[in-house]
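J.: Below is one structure. I have some questions about it.
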Amino acid sequence: MNIRSTLRHATVVGVMVMLTSTSVTGIAYADTARDKNFPVNTFIGTQDDGNTFPGAVAPFGMIQLSPIGEHYSGWRYTDPKIRGFGHSFLSGAGCWEQGGQLSVLPVTGSIKSGGNFDTSKAGSFDQKVYGSNYSHDGEVGQAGYFKVRLTDYGGITAETTALTRAGAERYTFHESTETGHVLVNIGQANERHSVVGSHLQVIDDHTVEGKIVTRSFCGGAQYTTWFRMEFDHAFRTHGIWNESGGTEASMQLSQQGDSKPHGAWFSFDLKSDKAVTAISAISHVDAEGARQNLRAEGKLNGKLRSFDNMRKQAQDDWNKELSSVRIEGANPDDRIVFYTALYHALLQPLTGNDTDGRYRGYDDVIHKVDKAANYYEFFSLWDTYRAQNQLIALLRPTRARDIADSILKIQEQAGWLPRWGYANFESNVMTGDPVTPFLVDLWRYGALAGKEKAAYAALRQNAFDVPSFKLRSEGRAGNPQYLRDGFVQYDKGFRAKGMDVDPHHGGSATLEYAVADGALSYMAEALGERGDATLLRQRAQNWRKLWDKDAIDKELGFKGFPRPRLENGAWYTELQGHYNPRAEQGFHEGTAWQYQWLVPQDTQALFAAMGGRESATKRLDAFFAFDEIEKNDYQAVRKDWVVGPYSYYNQYRYNPNNEPDLHAPWMYTLAGQPWKTTTVLRAAETLFSNAPNGVTGNDDLGTMSAWYIFSSLGIYPWMPGSGQFLLHAPKFSRVDLDLGNGKTLSIESKAAARTPIRYIHQAQWQGKPLTRVWLSWEQIQGGGKLSLDLSSDDRAKSWGSSLQALPPGALDK
């Protein structure tokens, strides 16, 4: 289901109400003076498995305060009830995870020590039962601020805001309410019941502390979150509960086992003040870490900060972050979509260290970072290496350096580089070798200055070896056969340490390894490791080992596709005795049709294998349903591309929901038809809208949002390690990017417009004609002005069409 939204302007301060179809009813979006120029709608991506969350969070923040519902990610826009307001979320993750942990909900009624509170719903201490109905009318989701009205319990307004390690929630009860309660549930978290164990203790008449041990992310390893919560005025009474019932006024430590209701209630006298504010802080180190984080960010001069004071700082911080990219020529809807994408791209990875610099490492030992640095955690590298990593490096070079250093610290502590690092353990989720292109790009962008040799040693270990079974990390599990025979075998019975393992997806793993080898060859050459560089360039051609020149799509007639091989080297063949390149076998979240383009290191050779650039272009036209896009792109992408958020298989078309073919639109550029890249991008951008389903599929920790940003800007990072950015027509007439180093990159495009689609006719860099279709990292990082003349005239289709206009390939030596 895809919904096109409209906007209605009202009131002097410019409140915008987004109207949607009756299946997803209206969101209120308040465009205040603080975020007027850089508006964010945090509800974008909260429907149709975008898996974002609408609540408050700081840039790269450790804590997130957002509603919990019944959806596996923690929240979906159409969830029927709010079970509580959680304090830990990941944005756009594609697998169930903690989805809240600490869950807080305001209620009214009489608490019964037997284990129930007496309300019209006859509730119990189970958040599935006591959860409240709510209204989307008047709901607000901005960067750093969230507000919703709970319609049960007499009507309660809930608000949240957040700084990096501490957040605030304010609950304003109905004017007739004289006694209100706040329920703190630490035993249930999200729908998948990922809590292993928990405990809490009431410290005094303002404060509760505790910890939650969580089994997270696709059933991964356990990790612990400590929390401290302080209320702005004393509670009159309190009690604790577990599955056996409630106990009033207990100050004893309360513990509970696996995913059972467990928590505390706090009762407040509301005769003179209808609002109750709680300030919370968390830590992955220990209880003292949570206390220090609350003191540092939740208090001023030893006293709790007010909700409004914290909200102002949170929104001022976001305004500073978002204002580093300024766009012109966008309508109100486009501005909201763009800045929401930027917002989502700047949420991850999460800050992992407490205010004193301590963090829990992958060896489960407490370490400490330098005062000026931060340690980061939660690395969805299979996703983020393709766009989000490069965007952070471009806009936030200091953070990029800390991120690169955090990856190296993981290797030091765990004994191996991560693939999907969750909290302080390796989840082994996804396949391939994503850490290599991720870290090599950061090296290329200068984020590893002074640590190049240590980084290369870690990357070489990963590329030339496999971890021992004593280590949790899986690394390149397919390396034994890959290093010997040049391909990863397709073997569903291969022993795995986690949910995913490379031989289970031997076809895609081989292609991912080859891209990683091509990326690492750049670094090896630059560091003087010429023997390694030569070998890595040879291995980067291993995509050829999977290329079956006789494999054919019988319906369309295209011949030559990547095809998985078995351990003995034989081609994989289906039970019917043939091979279908639209089938899923051997490829992770995709088919041979999607993965055939994953050869950025050797693109011209790939085109030759397809029969030449003209033949490759025809194949791209079929892949993108290009004729249909030219007729009606909005309709075509919804009919021909988007099947469903997780419908990766049995497809032969572009899949905008997923990462392996994110780069595919730029294959047109390398095939000599860059104008078609622009056409495809404008079509894909219609899938990003100012609506709850405005992200196509999982946002994957900001990856899809970062892709949208680059698509809108007119530049896209190409082959990892190359430092190349391919050019295309921007979506907006002007963009200014502050690069974090005192420099500004300006991209100006005359006659930019949505309809008709316009292509680059002429280009200038720093006032001089530019005939090539790319800029280097050094040019972009140094700042300057890219001027583009756009036209819908057919003459514009010739710009950048020659081989001389293309960047050198990774194997061009």
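Residues are referred to by chain and number: the chain letter is A, B, ... according to the order shown in the structure tokens, the number counts from 1 in that chain, and ligands are numbered separately from 1 in the order shown.
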For Thr398 (chain A), work out the shell of residues within 10 Å, counting only C-alpha atoms and skipping chain neighbours fewer than 5 positions away, then give it as an MDAnalysis selection string.

T.: chainID A and resid 373:374 392:393 403 447 740:741

J.: Emit the selected residues as a PDB file, in the first residue's frame, including all heavy atoms.

T.:
ATOM      1  N   ALA A 373      36.879  12.116  22.554  1.00  0.00           N
ATOM      2  CA  ALA A 373      36.389  11.133  21.589  1.00  0.00           C
ATOM      3  C   ALA A 373      35.106  10.477  22.075  1.00  0.00           C
ATOM      4  O   ALA A 373      34.707  10.598  23.236  1.00  0.00           O
ATOM      5  CB  ALA A 373      37.460  10.074  21.336  1.00  0.00           C
ATOM      6  N   ASN A 374      34.454   9.760  21.172  1.00  0.00           N
ATOM      7  CA  ASN A 374      33.292   8.944  21.506  1.00  0.00           C
ATOM      8  C   ASN A 374      33.505   7.543  20.957  1.00  0.00           C
ATOM      9  O   ASN A 374      34.161   7.355  19.928  1.00  0.00           O
ATOM     10  CB  ASN A 374      32.005   9.528  20.919  1.00  0.00           C
ATOM     11  CG  ASN A 374      31.421  10.626  21.790  1.00  0.00           C
ATOM     12  OD1 ASN A 374      31.267  10.462  22.994  1.00  0.00           O
ATOM     13  ND2 ASN A 374      31.098  11.748  21.181  1.00  0.00           N
ATOM     14  N   ILE A 392      28.041  10.248   6.422  1.00  0.00           N
ATOM     15  CA  ILE A 392      28.595  10.697   7.703  1.00  0.00           C
ATOM     16  C   ILE A 392      30.022  11.198   7.516  1.00  0.00           C
ATOM     17  O   ILE A 392      30.403  12.246   8.061  1.00  0.00           O
ATOM     18  CB  ILE A 392      28.542   9.563   8.741  1.00  0.00           C
ATOM     19  CG1 ILE A 392      27.088   9.250   9.102  1.00  0.00           C
ATOM     20  CG2 ILE A 392      29.323   9.946   9.998  1.00  0.00           C
ATOM     21  CD1 ILE A 392      26.935   8.085  10.051  1.00  0.00           C
ATOM     22  N   ALA A 393      30.821  10.479   6.740  1.00  0.00           N
ATOM     23  CA  ALA A 393      32.201  10.910   6.503  1.00  0.00           C
ATOM     24  C   ALA A 393      32.248  12.261   5.810  1.00  0.00           C
ATOM     25  O   ALA A 393      33.123  13.080   6.087  1.00  0.00           O
ATOM     26  CB  ALA A 393      32.938   9.869   5.673  1.00  0.00           C
ATOM     27  N   ILE A 403      34.110   6.728  14.639  1.00  0.00           N
ATOM     28  CA  ILE A 403      33.477   5.496  14.169  1.00  0.00           C
ATOM     29  C   ILE A 403      34.534   4.517  13.679  1.00  0.00           C
ATOM     30  O   ILE A 403      34.505   3.323  14.019  1.00  0.00           O
ATOM     31  CB  ILE A 403      32.450   5.816  13.071  1.00  0.00           C
ATOM     32  CG1 ILE A 403      31.216   6.498  13.691  1.00  0.00           C
ATOM     33  CG2 ILE A 403      32.042   4.558  12.311  1.00  0.00           C
ATOM     34  CD1 ILE A 403      30.268   7.086  12.679  1.00  0.00           C
ATOM     35  N   ALA A 447      39.739   9.210   7.632  1.00  0.00           N
ATOM     36  CA  ALA A 447      39.282   8.974   8.997  1.00  0.00           C
ATOM     37  C   ALA A 447      40.188   8.020   9.769  1.00  0.00           C
ATOM     38  O   ALA A 447      39.986   7.830  10.973  1.00  0.00           O
ATOM     39  CB  ALA A 447      37.849   8.427   8.975  1.00  0.00           C
ATOM     40  N   GLY A 740      32.103  20.104   7.590  1.00  0.00           N
ATOM     41  CA  GLY A 740      32.679  19.806   8.896  1.00  0.00           C
ATOM     42  C   GLY A 740      34.147  20.124   9.011  1.00  0.00           C
ATOM     43  O   GLY A 740      34.765  19.868  10.042  1.00  0.00           O
ATOM     44  N   ASN A 741      34.736  20.679   7.946  1.00  0.00           N
ATOM     45  CA  ASN A 741      36.154  21.045   7.971  1.00  0.00           C
ATOM     46  C   ASN A 741      36.353  22.519   7.620  1.00  0.00           C
ATOM     47  O   ASN A 741      37.434  22.926   7.229  1.00  0.00           O
ATOM     48  CB  ASN A 741      36.935  20.166   6.988  1.00  0.00           C
ATOM     49  CG  ASN A 741      36.410  20.295   5.554  1.00  0.00           C
ATOM     50  OD1 ASN A 741      35.472  21.058   5.292  1.00  0.00           O
ATOM     51  ND2 ASN A 741      36.998  19.557   4.629  1.00  0.00           N
TER      52      ASN A 741
END

J.: Excluding region 310-313 of chain A and residues on its chain fewer than 2 positions from it, collect all residues at most 9 Å away from it, counting only C-alpha atoms, and give them as a list in words.

T.: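 Counting only C-alpha atoms, the residues come to Arg34, Gly144, Tyr145, Thr160, Thr161, Ala162, Leu163, Gly167, Ala168, Glu297, Gly298, Arg305, Ser306, Phe307, Asp308, Gln315, Asp316, Asp317 and Trp318 of chain A.
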
J.: Measuring atom to atom with only C-alpha atoms, identify which of A:Lys211, A:Val337, A:Tyr223, A:Leu322 is nearest to Asp286 (chain A).

T.: A:Lys211

J.: I want to know what sits within 7 Å of region 488-497 of chain A, based on only C-alpha atoms, with residues of the same chain fewer than 4 positions away left out; could you give that as a list in words?

T.: Glu474, Gly478, Gln481, Tyr482, Val501, Pro503, His504, His505, Gly506, Gly507, Ala509, Thr510, Pro564, Arg565, Leu566, Glu567 and Gly586 of chain A

J.: List the spatial neighbours of region 627-642 of chain A as a CSV table (one decimal) with N, CA, C and O atoms, in the first residue's frame - criterion: any atom at most 8 Å away, only C-alpha atoms, same-chain residues fewer than 6 positions off excluded.

T.:
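So around.csv came out as:
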chain,number,residue,atom,x,y,z
A,2,ASN,N,0.6,2.1,-0.9
A,2,ASN,CA,1.4,3.4,-1.0
A,2,ASN,C,0.4,4.5,-1.0
A,2,ASN,O,-0.5,4.5,-1.7
A,621,ASP,N,17.4,-1.6,-19.1
A,621,ASP,CA,16.0,-1.2,-19.5
A,621,ASP,C,15.0,-2.2,-19.0
A,621,ASP,O,13.9,-1.8,-18.4
A,653,ARG,N,13.3,-7.6,-11.5
A,653,ARG,CA,13.3,-6.2,-11.6
A,653,ARG,C,14.1,-5.5,-10.4
A,653,ARG,O,14.4,-6.2,-9.4
A,654,TYR,N,14.3,-4.3,-10.6
A,654,TYR,CA,15.0,-3.5,-9.5
A,654,TYR,C,14.2,-3.6,-8.2
A,654,TYR,O,13.0,-3.5,-8.2
A,655,ASN,N,14.9,-3.7,-7.1
A,655,ASN,CA,14.3,-3.8,-5.8
A,655,ASN,C,14.7,-2.6,-5.0
A,655,ASN,O,15.8,-2.6,-4.4
A,656,PRO,N,13.9,-1.6,-5.0
A,656,PRO,CA,14.3,-0.4,-4.2
A,656,PRO,C,14.2,-0.5,-2.7
A,656,PRO,O,14.6,0.4,-1.9
A,657,ASN,N,13.7,-1.7,-2.2
A,657,ASN,CA,13.6,-2.0,-0.8
A,657,ASN,C,14.9,-2.5,-0.2
A,657,ASN,O,15.0,-2.6,1.0
A,679,THR,N,16.7,9.6,-14.8
A,679,THR,CA,15.3,9.2,-15.0
A,679,THR,C,14.9,8.2,-13.9
A,679,THR,O,13.8,8.3,-13.3
A,680,VAL,N,15.7,7.2,-13.7
A,680,VAL,CA,15.5,6.2,-12.7
A,680,VAL,C,15.4,6.8,-11.3
A,680,VAL,O,14.6,6.4,-10.5
A,683,ALA,N,12.3,8.6,-10.6
A,683,ALA,CA,11.2,7.6,-10.3
A,683,ALA,C,11.3,7.0,-8.9
A,683,ALA,O,10.3,6.9,-8.2
A,684,ALA,N,12.5,6.6,-8.5
A,684,ALA,CA,12.7,6.0,-7.2
A,684,ALA,C,12.4,7.0,-6.1
A,684,ALA,O,11.9,6.6,-5.0
A,686,THR,N,10.0,9.0,-5.9
A,686,THR,CA,8.6,9.1,-5.6
A,686,THR,C,8.2,8.1,-4.5
A,686,THR,O,7.1,8.2,-3.9
A,687,LEU,N,9.0,7.1,-4.2
A,687,LEU,CA,8.7,6.1,-3.2
A,687,LEU,C,9.0,6.7,-1.8
A,687,LEU,O,8.5,6.1,-0.8

J.: Can you pull out the residues contacting Ile366 (chain A)? Cut-off 12 Å, using only C-alpha atoms, and skip same-chain residues under 3 positions away; I want them as a list in words.

T.: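 Contacts, in chain order: His284, Val285, Asp286, Gly289, Gly352, Asn353, Asp354, Asp356, Gly357, Arg358, Tyr359, Arg360, Gly361, Tyr362, Asp363, Val369, Gln413 and Asn424 of chain A.
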
J.: Keeping only N, CA, C and O atoms, take the residues you just selected and write them out as a JSON list (two decimals), in the first residue's frame.

T.:
[["chain", "number", "residue", "atom", "x", "y", "z"],
["A", 284, "HIS", "N", 25.28, 1.15, 29.33],
["A", 284, "HIS", "CA", 25.59, -0.25, 29.05],
["A", 284, "HIS", "C", 26.82, -0.69, 29.84],
["A", 284, "HIS", "O", 27.35, -1.78, 29.59],
["A", 285, "VAL", "N", 27.25, 0.15, 30.78],
["A", 285, "VAL", "CA", 28.43, -0.15, 31.59],
["A", 285, "VAL", "C", 28.02, -0.67, 32.96],
["A", 285, "VAL", "O", 28.32, -1.79, 33.35],
["A", 286, "ASP", "N", 27.31, 0.17, 33.74],
["A", 286, "ASP", "CA", 26.87, -0.22, 35.08],
["A", 286, "ASP", "C", 25.91, 0.83, 35.61],
["A", 286, "ASP", "O", 25.60, 1.82, 34.94],
["A", 289, "GLY", "N", 27.20, 4.33, 35.84],
["A", 289, "GLY", "CA", 27.19, 5.01, 34.55],
["A", 289, "GLY", "C", 25.86, 5.69, 34.29],
["A", 289, "GLY", "O", 25.82, 6.83, 33.80],
["A", 352, "GLY", "N", 28.10, 4.84, 22.51],
["A", 352, "GLY", "CA", 28.23, 3.70, 23.40],
["A", 352, "GLY", "C", 28.89, 3.99, 24.73],
["A", 352, "GLY", "O", 28.77, 3.20, 25.67],
["A", 353, "ASN", "N", 29.59, 5.12, 24.83],
["A", 353, "ASN", "CA", 30.30, 5.41, 26.08],
["A", 353, "ASN", "C", 29.50, 6.36, 26.96],
["A", 353, "ASN", "O", 28.76, 7.21, 26.48],
["A", 354, "ASP", "N", 29.69, 6.21, 28.26],
["A", 354, "ASP", "CA", 29.07, 7.12, 29.22],
["A", 354, "ASP", "C", 29.79, 8.46, 29.23],
["A", 354, "ASP", "O", 30.84, 8.63, 28.58],
["A", 356, "ASP", "N", 31.65, 9.72, 31.33],
["A", 356, "ASP", "CA", 33.02, 9.64, 31.85],
["A", 356, "ASP", "C", 33.95, 8.92, 30.89],
["A", 356, "ASP", "O", 35.11, 8.67, 31.21],
["A", 357, "GLY", "N", 33.44, 8.54, 29.70],
["A", 357, "GLY", "CA", 34.27, 7.89, 28.69],
["A", 357, "GLY", "C", 34.29, 6.38, 28.74],
["A", 357, "GLY", "O", 34.82, 5.73, 27.85],
["A", 358, "ARG", "N", 33.67, 5.78, 29.76],
["A", 358, "ARG", "CA", 33.71, 4.33, 29.88],
["A", 358, "ARG", "C", 32.71, 3.67, 28.92],
["A", 358, "ARG", "O", 31.64, 4.20, 28.66],
["A", 359, "TYR", "N", 33.08, 2.51, 28.43],
["A", 359, "TYR", "CA", 32.17, 1.71, 27.61],
["A", 359, "TYR", "C", 32.49, 0.24, 27.81],
["A", 359, "TYR", "O", 33.59, -0.13, 28.25],
["A", 360, "ARG", "N", 31.54, -0.61, 27.51],
["A", 360, "ARG", "CA", 31.72, -2.05, 27.65],
["A", 360, "ARG", "C", 32.15, -2.62, 26.30],
["A", 360, "ARG", "O", 31.44, -2.53, 25.31],
["A", 361, "GLY", "N", 33.34, -3.21, 26.27],
["A", 361, "GLY", "CA", 33.89, -3.69, 25.02],
["A", 361, "GLY", "C", 33.41, -5.08, 24.63],
["A", 361, "GLY", "O", 32.66, -5.73, 25.37],
["A", 362, "TYR", "N", 33.87, -5.54, 23.48],
["A", 362, "TYR", "CA", 33.49, -6.85, 22.97],
["A", 362, "TYR", "C", 34.14, -7.99, 23.76],
["A", 362, "TYR", "O", 33.78, -9.15, 23.57],
["A", 363, "ASP", "N", 35.06, -7.67, 24.63],
["A", 363, "ASP", "CA", 35.63, -8.65, 25.55],
["A", 363, "ASP", "C", 34.92, -8.64, 26.90],
["A", 363, "ASP", "O", 35.35, -9.28, 27.84],
["A", 369, "VAL", "N", 37.45, 5.78, 26.60],
["A", 369, "VAL", "CA", 37.94, 6.56, 25.47],
["A", 369, "VAL", "C", 38.49, 7.88, 25.97],
["A", 369, "VAL", "O", 38.22, 8.32, 27.09],
["A", 413, "GLN", "N", 39.38, -6.07, 20.78],
["A", 413, "GLN", "CA", 38.75, -6.72, 21.93],
["A", 413, "GLN", "C", 38.13, -8.07, 21.59],
["A", 413, "GLN", "O", 38.15, -8.99, 22.41],
["A", 424, "ASN", "N", 27.60, -4.89, 22.45],
["A", 424, "ASN", "CA", 29.01, -5.29, 22.58],
["A", 424, "ASN", "C", 29.22, -6.76, 22.21],
["A", 424, "ASN", "O", 30.00, -7.47, 22.81]]
